[in-house]
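Below: entry_38.cif (mmCIF, C-alpha atoms)
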```
data_structure
#
loop_
_atom_site.label_atom_id
_atom_site.label_comp_id
_atom_site.auth_asym_id
_atom_site.auth_seq_id
_atom_site.Cartn_x
_atom_site.Cartn_y
_atom_site.Cartn_z
CA MET A 1 16.39 -0.10 19.75
CA ARG A 2 13.54 2.31 20.34
CA ALA A 3 15.89 5.32 20.20
CA LEU A 4 17.23 4.15 16.83
CA PHE A 5 13.68 3.89 15.48
CA GLU A 6 12.63 7.24 16.94
CA GLU A 7 15.64 9.04 15.46
CA ASP A 8 14.50 8.10 11.92
CA SER A 9 11.54 5.79 11.41
CA TYR A 10 10.93 6.50 7.70
CA GLN A 11 10.60 3.17 5.85
CA LEU A 12 11.91 1.29 8.88
CA VAL A 13 10.33 -1.67 10.63
CA LEU A 14 11.77 -3.20 13.77
CA THR A 15 10.53 -6.56 14.97
CA PRO A 16 11.75 -9.30 17.28
CA ARG A 17 12.52 -12.68 15.80
CA ARG A 18 12.81 -15.42 18.40
CA ALA A 19 14.51 -18.04 16.24
CA MET A 20 17.24 -15.70 15.00
CA PRO A 21 20.75 -16.73 16.12
CA TYR A 22 21.83 -13.09 16.66
CA ALA A 23 20.90 -10.48 19.23
CA VAL A 24 20.99 -7.82 16.50
CA ALA A 25 20.68 -8.22 12.72
CA ALA A 26 19.37 -6.31 9.73
CA THR A 27 17.71 -7.55 6.60
CA ALA A 28 15.90 -6.11 3.62
CA TRP A 29 13.17 -7.43 1.34
CA ASN A 30 12.49 -10.79 3.03
CA ILE A 31 16.09 -12.02 2.96
CA ASP A 32 17.24 -13.91 6.04
CA PRO A 33 20.21 -12.21 7.70
CA ASP A 34 23.50 -14.01 7.14
CA ALA A 35 25.41 -11.87 9.60
CA GLY A 36 24.59 -10.21 12.85
CA CYS A 37 25.90 -9.03 16.19
CA PRO A 38 25.91 -11.22 19.28
CA ALA A 39 24.90 -8.32 21.56
CA TRP A 40 23.75 -4.70 21.56
CA SER A 41 26.63 -2.25 21.50
CA ALA A 42 27.53 1.14 20.05
CA ASN A 43 29.10 -0.70 17.10
CA ALA A 44 25.87 -2.63 16.48
CA VAL A 45 23.85 0.61 16.44
CA ASP A 46 26.33 2.21 14.03
CA ALA A 47 26.10 -0.86 11.77
CA LEU A 48 22.28 -0.66 11.79
CA ARG A 49 22.42 3.02 10.84
CA ALA A 50 24.83 2.28 7.99
CA PHE A 51 22.61 -0.58 6.76
CA ARG A 52 19.53 1.64 6.89
CA ASP A 53 21.23 4.43 4.97
CA GLU A 54 22.67 2.08 2.34
CA HIS A 55 19.46 0.15 1.64
CA ARG A 56 16.72 2.73 2.09
CA GLY A 57 14.86 3.38 -1.15
CA ASN A 58 16.67 0.60 -3.03
CA GLY A 59 13.96 -2.05 -2.86
CA PRO A 60 12.08 -3.47 -5.81
CA GLU A 61 8.84 -1.68 -4.87
CA GLN A 62 7.92 1.89 -5.81
CA VAL A 63 8.24 4.23 -2.83
CA ALA A 64 6.59 7.63 -2.87
#
```
Could I get this structure in the form of structure tokens?
Amino acid sequence: MRALFEEDSYQLVLTPRRAMPYAVAATAWNIDPDAGCPAWSANAVDALRAFRDEHRGNGPEQVA
């Protein structure tokens, strides 16, 4: 997880969530994740990158 953050941390926050039913999940703008991965894997990292790239800069707030 740290390597993913260090490769591109712009507008990215990573935090553990103990009650989450997934080992890996992504969410944006205070929406609970409705899908996730049961374990860390190369596919999970690729999915996180795709999520980041798709959602970055598309929130309701103004980003400079």
Taking the file as shown, what set of residues would the PyMOL selection byres ((chain A and resi 23) around 10) give back, as a short mmCIF file (atom, residue, chain, number, x, y, z; two decimals) with C-alpha atoms, keeping the file's coordinate frame?
```cif
data_model
loop_
_atom_site.label_atom_id
_atom_site.label_comp_id
_atom_site.auth_asym_id
_atom_site.auth_seq_id
_atom_site.Cartn_x
_atom_site.Cartn_y
_atom_site.Cartn_z
CA PRO A 16 11.75 -9.30 17.28
CA ARG A 17 12.52 -12.68 15.80
CA ARG A 18 12.81 -15.42 18.40
CA MET A 20 17.24 -15.70 15.00
CA PRO A 21 20.75 -16.73 16.12
CA TYR A 22 21.83 -13.09 16.66
CA VAL A 24 20.99 -7.82 16.50
CA ALA A 25 20.68 -8.22 12.72
CA GLY A 36 24.59 -10.21 12.85
CA CYS A 37 25.90 -9.03 16.19
CA PRO A 38 25.91 -11.22 19.28
CA ALA A 39 24.90 -8.32 21.56
CA TRP A 40 23.75 -4.70 21.56
CA ALA A 44 25.87 -2.63 16.48
#
```
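The residues returned by the PyMOL selection byres ((chain A and resi 47-51) around 9) on the shown structure are Leu4, Val24, Ala25, Ala26, Thr27, Ala42, Asn43, Ala44, Val45, Asp46, Arg52, Asp53, Glu54, His55 and Arg56 of chain A.
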Check your understanding: Could you work out how far atom CA of Arg2 of chain A lies from atom CA of Thr15 of chain A, giving the answer in Å with one decimal?
Key -> 10.8 Å
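Going from atom CA of Gly59 of chain A to atom CA of Ser41 of chain A covers 27.5 Å.
Using the PyMOL selection byres ((chain A and resi 29) around 12) on the file at hand returns these residues: Gln11, Leu12, Val13, Ala26, Thr27, Ala28, Asn30, Ile31, Asp32, Pro33, His55, Arg56, Gly57, Asn58, Gly59, Pro60 and Glu61 of chain A.
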Is there a way to complete segment 14-50 of chain A with N, CA and C atoms and then write that out as a PDB file, keeping the file's coordinate frame?
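The result, stored in selection01.pdb:
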```pdb
ATOM      1  N   LEU A  14      10.996  -2.424  12.818  1.00  0.00           N
ATOM      2  CA  LEU A  14      11.770  -3.200  13.770  1.00  0.00           C
ATOM      3  C   LEU A  14      10.860  -4.262  14.360  1.00  0.00           C
ATOM      4  N   THR A  15      11.343  -5.487  14.417  1.00  0.00           N
ATOM      5  CA  THR A  15      10.530  -6.560  14.970  1.00  0.00           C
ATOM      6  C   THR A  15      11.423  -7.621  15.591  1.00  0.00           C
ATOM      7  N   PRO A  16      10.969  -8.205  16.689  1.00  0.00           N
ATOM      8  CA  PRO A  16      11.750  -9.300  17.280  1.00  0.00           C
ATOM      9  C   PRO A  16      11.585 -10.567  16.449  1.00  0.00           C
ATOM     10  N   ARG A  17      12.583 -11.395  16.487  1.00  0.00           N
ATOM     11  CA  ARG A  17      12.520 -12.680  15.800  1.00  0.00           C
ATOM     12  C   ARG A  17      13.162 -13.710  16.725  1.00  0.00           C
ATOM     13  N   ARG A  18      12.348 -14.508  17.355  1.00  0.00           N
ATOM     14  CA  ARG A  18      12.810 -15.420  18.400  1.00  0.00           C
ATOM     15  C   ARG A  18      13.807 -16.460  17.915  1.00  0.00           C
ATOM     16  N   ALA A  19      13.653 -16.961  16.728  1.00  0.00           N
ATOM     17  CA  ALA A  19      14.510 -18.040  16.240  1.00  0.00           C
ATOM     18  C   ALA A  19      15.824 -17.539  15.631  1.00  0.00           C
ATOM     19  N   MET A  20      16.033 -16.262  15.611  1.00  0.00           N
ATOM     20  CA  MET A  20      17.240 -15.700  15.000  1.00  0.00           C
ATOM     21  C   MET A  20      18.450 -15.993  15.892  1.00  0.00           C
ATOM     22  N   PRO A  21      19.574 -16.394  15.307  1.00  0.00           N
ATOM     23  CA  PRO A  21      20.750 -16.730  16.120  1.00  0.00           C
ATOM     24  C   PRO A  21      21.561 -15.521  16.585  1.00  0.00           C
ATOM     25  N   TYR A  22      21.109 -14.306  16.288  1.00  0.00           N
ATOM     26  CA  TYR A  22      21.830 -13.090  16.660  1.00  0.00           C
ATOM     27  C   TYR A  22      20.981 -12.250  17.595  1.00  0.00           C
ATOM     28  N   ALA A  23      21.633 -11.449  18.410  1.00  0.00           N
ATOM     29  CA  ALA A  23      20.900 -10.480  19.230  1.00  0.00           C
ATOM     30  C   ALA A  23      20.462  -9.295  18.390  1.00  0.00           C
ATOM     31  N   VAL A  24      21.256  -8.963  17.374  1.00  0.00           N
ATOM     32  CA  VAL A  24      20.990  -7.820  16.500  1.00  0.00           C
ATOM     33  C   VAL A  24      21.328  -8.220  15.072  1.00  0.00           C
ATOM     34  N   ALA A  25      20.416  -7.954  14.144  1.00  0.00           N
ATOM     35  CA  ALA A  25      20.680  -8.220  12.720  1.00  0.00           C
ATOM     36  C   ALA A  25      19.799  -7.286  11.899  1.00  0.00           C
ATOM     37  N   ALA A  26      20.161  -7.127  10.651  1.00  0.00           N
ATOM     38  CA  ALA A  26      19.370  -6.310   9.730  1.00  0.00           C
ATOM     39  C   ALA A  26      19.152  -7.109   8.455  1.00  0.00           C
ATOM     40  N   THR A  27      18.005  -6.896   7.861  1.00  0.00           N
ATOM     41  CA  THR A  27      17.710  -7.550   6.600  1.00  0.00           C
ATOM     42  C   THR A  27      16.809  -6.636   5.785  1.00  0.00           C
ATOM     43  N   ALA A  28      16.750  -6.898   4.508  1.00  0.00           N
ATOM     44  CA  ALA A  28      15.900  -6.110   3.620  1.00  0.00           C
ATOM     45  C   ALA A  28      15.197  -7.026   2.644  1.00  0.00           C
ATOM     46  N   TRP A  29      13.944  -6.754   2.381  1.00  0.00           N
ATOM     47  CA  TRP A  29      13.170  -7.430   1.340  1.00  0.00           C
ATOM     48  C   TRP A  29      13.091  -8.947   1.524  1.00  0.00           C
ATOM     49  N   ASN A  30      12.750  -9.378   2.730  1.00  0.00           N
ATOM     50  CA  ASN A  30      12.490 -10.790   3.030  1.00  0.00           C
ATOM     51  C   ASN A  30      13.702 -11.703   2.865  1.00  0.00           C
ATOM     52  N   ILE A  31      14.890 -11.193   3.016  1.00  0.00           N
ATOM     53  CA  ILE A  31      16.090 -12.020   2.960  1.00  0.00           C
ATOM     54  C   ILE A  31      16.532 -12.299   4.385  1.00  0.00           C
ATOM     55  N   ASP A  32      16.771 -13.573   4.703  1.00  0.00           N
ATOM     56  CA  ASP A  32      17.240 -13.910   6.040  1.00  0.00           C
ATOM     57  C   ASP A  32      18.634 -13.310   6.257  1.00  0.00           C
ATOM     58  N   PRO A  33      18.884 -12.777   7.438  1.00  0.00           N
ATOM     59  CA  PRO A  33      20.210 -12.210   7.700  1.00  0.00           C
ATOM     60  C   PRO A  33      21.263 -13.316   7.716  1.00  0.00           C
ATOM     61  N   ASP A  34      22.402 -13.046   7.099  1.00  0.00           N
ATOM     62  CA  ASP A  34      23.500 -14.010   7.140  1.00  0.00           C
ATOM     63  C   ASP A  34      24.632 -13.523   8.021  1.00  0.00           C
ATOM     64  N   ALA A  35      24.433 -12.399   8.651  1.00  0.00           N
ATOM     65  CA  ALA A  35      25.410 -11.870   9.600  1.00  0.00           C
ATOM     66  C   ALA A  35      24.665 -11.048  10.639  1.00  0.00           C
ATOM     67  N   GLY A  36      25.222 -10.980  11.799  1.00  0.00           N
ATOM     68  CA  GLY A  36      24.590 -10.210  12.850  1.00  0.00           C
ATOM     69  C   GLY A  36      25.571  -9.975  13.984  1.00  0.00           C
ATOM     70  N   CYS A  37      25.083  -9.341  15.015  1.00  0.00           N
ATOM     71  CA  CYS A  37      25.900  -9.030  16.190  1.00  0.00           C
ATOM     72  C   CYS A  37      25.409  -9.872  17.356  1.00  0.00           C
ATOM     73  N   PRO A  38      26.322 -10.383  18.163  1.00  0.00           N
ATOM     74  CA  PRO A  38      25.910 -11.220  19.280  1.00  0.00           C
ATOM     75  C   PRO A  38      25.262 -10.444  20.431  1.00  0.00           C
ATOM     76  N   ALA A  39      25.460  -9.123  20.465  1.00  0.00           N
ATOM     77  CA  ALA A  39      24.900  -8.320  21.560  1.00  0.00           C
ATOM     78  C   ALA A  39      24.749  -6.869  21.096  1.00  0.00           C
ATOM     79  N   TRP A  40      23.883  -6.130  21.815  1.00  0.00           N
ATOM     80  CA  TRP A  40      23.750  -4.700  21.560  1.00  0.00           C
ATOM     81  C   TRP A  40      25.017  -3.995  21.984  1.00  0.00           C
ATOM     82  N   SER A  41      25.464  -3.062  21.171  1.00  0.00           N
ATOM     83  CA  SER A  41      26.630  -2.250  21.500  1.00  0.00           C
ATOM     84  C   SER A  41      26.585  -1.003  20.630  1.00  0.00           C
ATOM     85  N   ALA A  42      27.463  -0.061  20.890  1.00  0.00           N
ATOM     86  CA  ALA A  42      27.530   1.140  20.050  1.00  0.00           C
ATOM     87  C   ALA A  42      27.879   0.753  18.616  1.00  0.00           C
ATOM     88  N   ASN A  43      28.742  -0.240  18.444  1.00  0.00           N
ATOM     89  CA  ASN A  43      29.100  -0.700  17.100  1.00  0.00           C
ATOM     90  C   ASN A  43      27.903  -1.300  16.376  1.00  0.00           C
ATOM     91  N   ALA A  44      27.061  -2.042  17.090  1.00  0.00           N
ATOM     92  CA  ALA A  44      25.870  -2.630  16.480  1.00  0.00           C
ATOM     93  C   ALA A  44      24.914  -1.539  16.011  1.00  0.00           C
ATOM     94  N   VAL A  45      24.734  -0.513  16.818  1.00  0.00           N
ATOM     95  CA  VAL A  45      23.850   0.610  16.440  1.00  0.00           C
ATOM     96  C   VAL A  45      24.413   1.331  15.226  1.00  0.00           C
ATOM     97  N   ASP A  46      25.714   1.564  15.200  1.00  0.00           N
ATOM     98  CA  ASP A  46      26.330   2.210  14.030  1.00  0.00           C
ATOM     99  C   ASP A  46      26.152   1.353  12.776  1.00  0.00           C
ATOM    100  N   ALA A  47      26.282   0.044  12.916  1.00  0.00           N
ATOM    101  CA  ALA A  47      26.100  -0.860  11.770  1.00  0.00           C
ATOM    102  C   ALA A  47      24.662  -0.822  11.276  1.00  0.00           C
ATOM    103  N   LEU A  48      23.691  -0.760  12.191  1.00  0.00           N
ATOM    104  CA  LEU A  48      22.280  -0.660  11.790  1.00  0.00           C
ATOM    105  C   LEU A  48      22.015   0.653  11.056  1.00  0.00           C
ATOM    106  N   ARG A  49      22.585   1.730  11.532  1.00  0.00           N
ATOM    107  CA  ARG A  49      22.420   3.020  10.840  1.00  0.00           C
ATOM    108  C   ARG A  49      23.005   2.956   9.435  1.00  0.00           C
ATOM    109  N   ALA A  50      24.185   2.382   9.300  1.00  0.00           N
ATOM    110  CA  ALA A  50      24.830   2.280   7.990  1.00  0.00           C
ATOM    111  C   ALA A  50      23.995   1.401   7.054  1.00  0.00           C
TER     112      ALA A  50
END
```
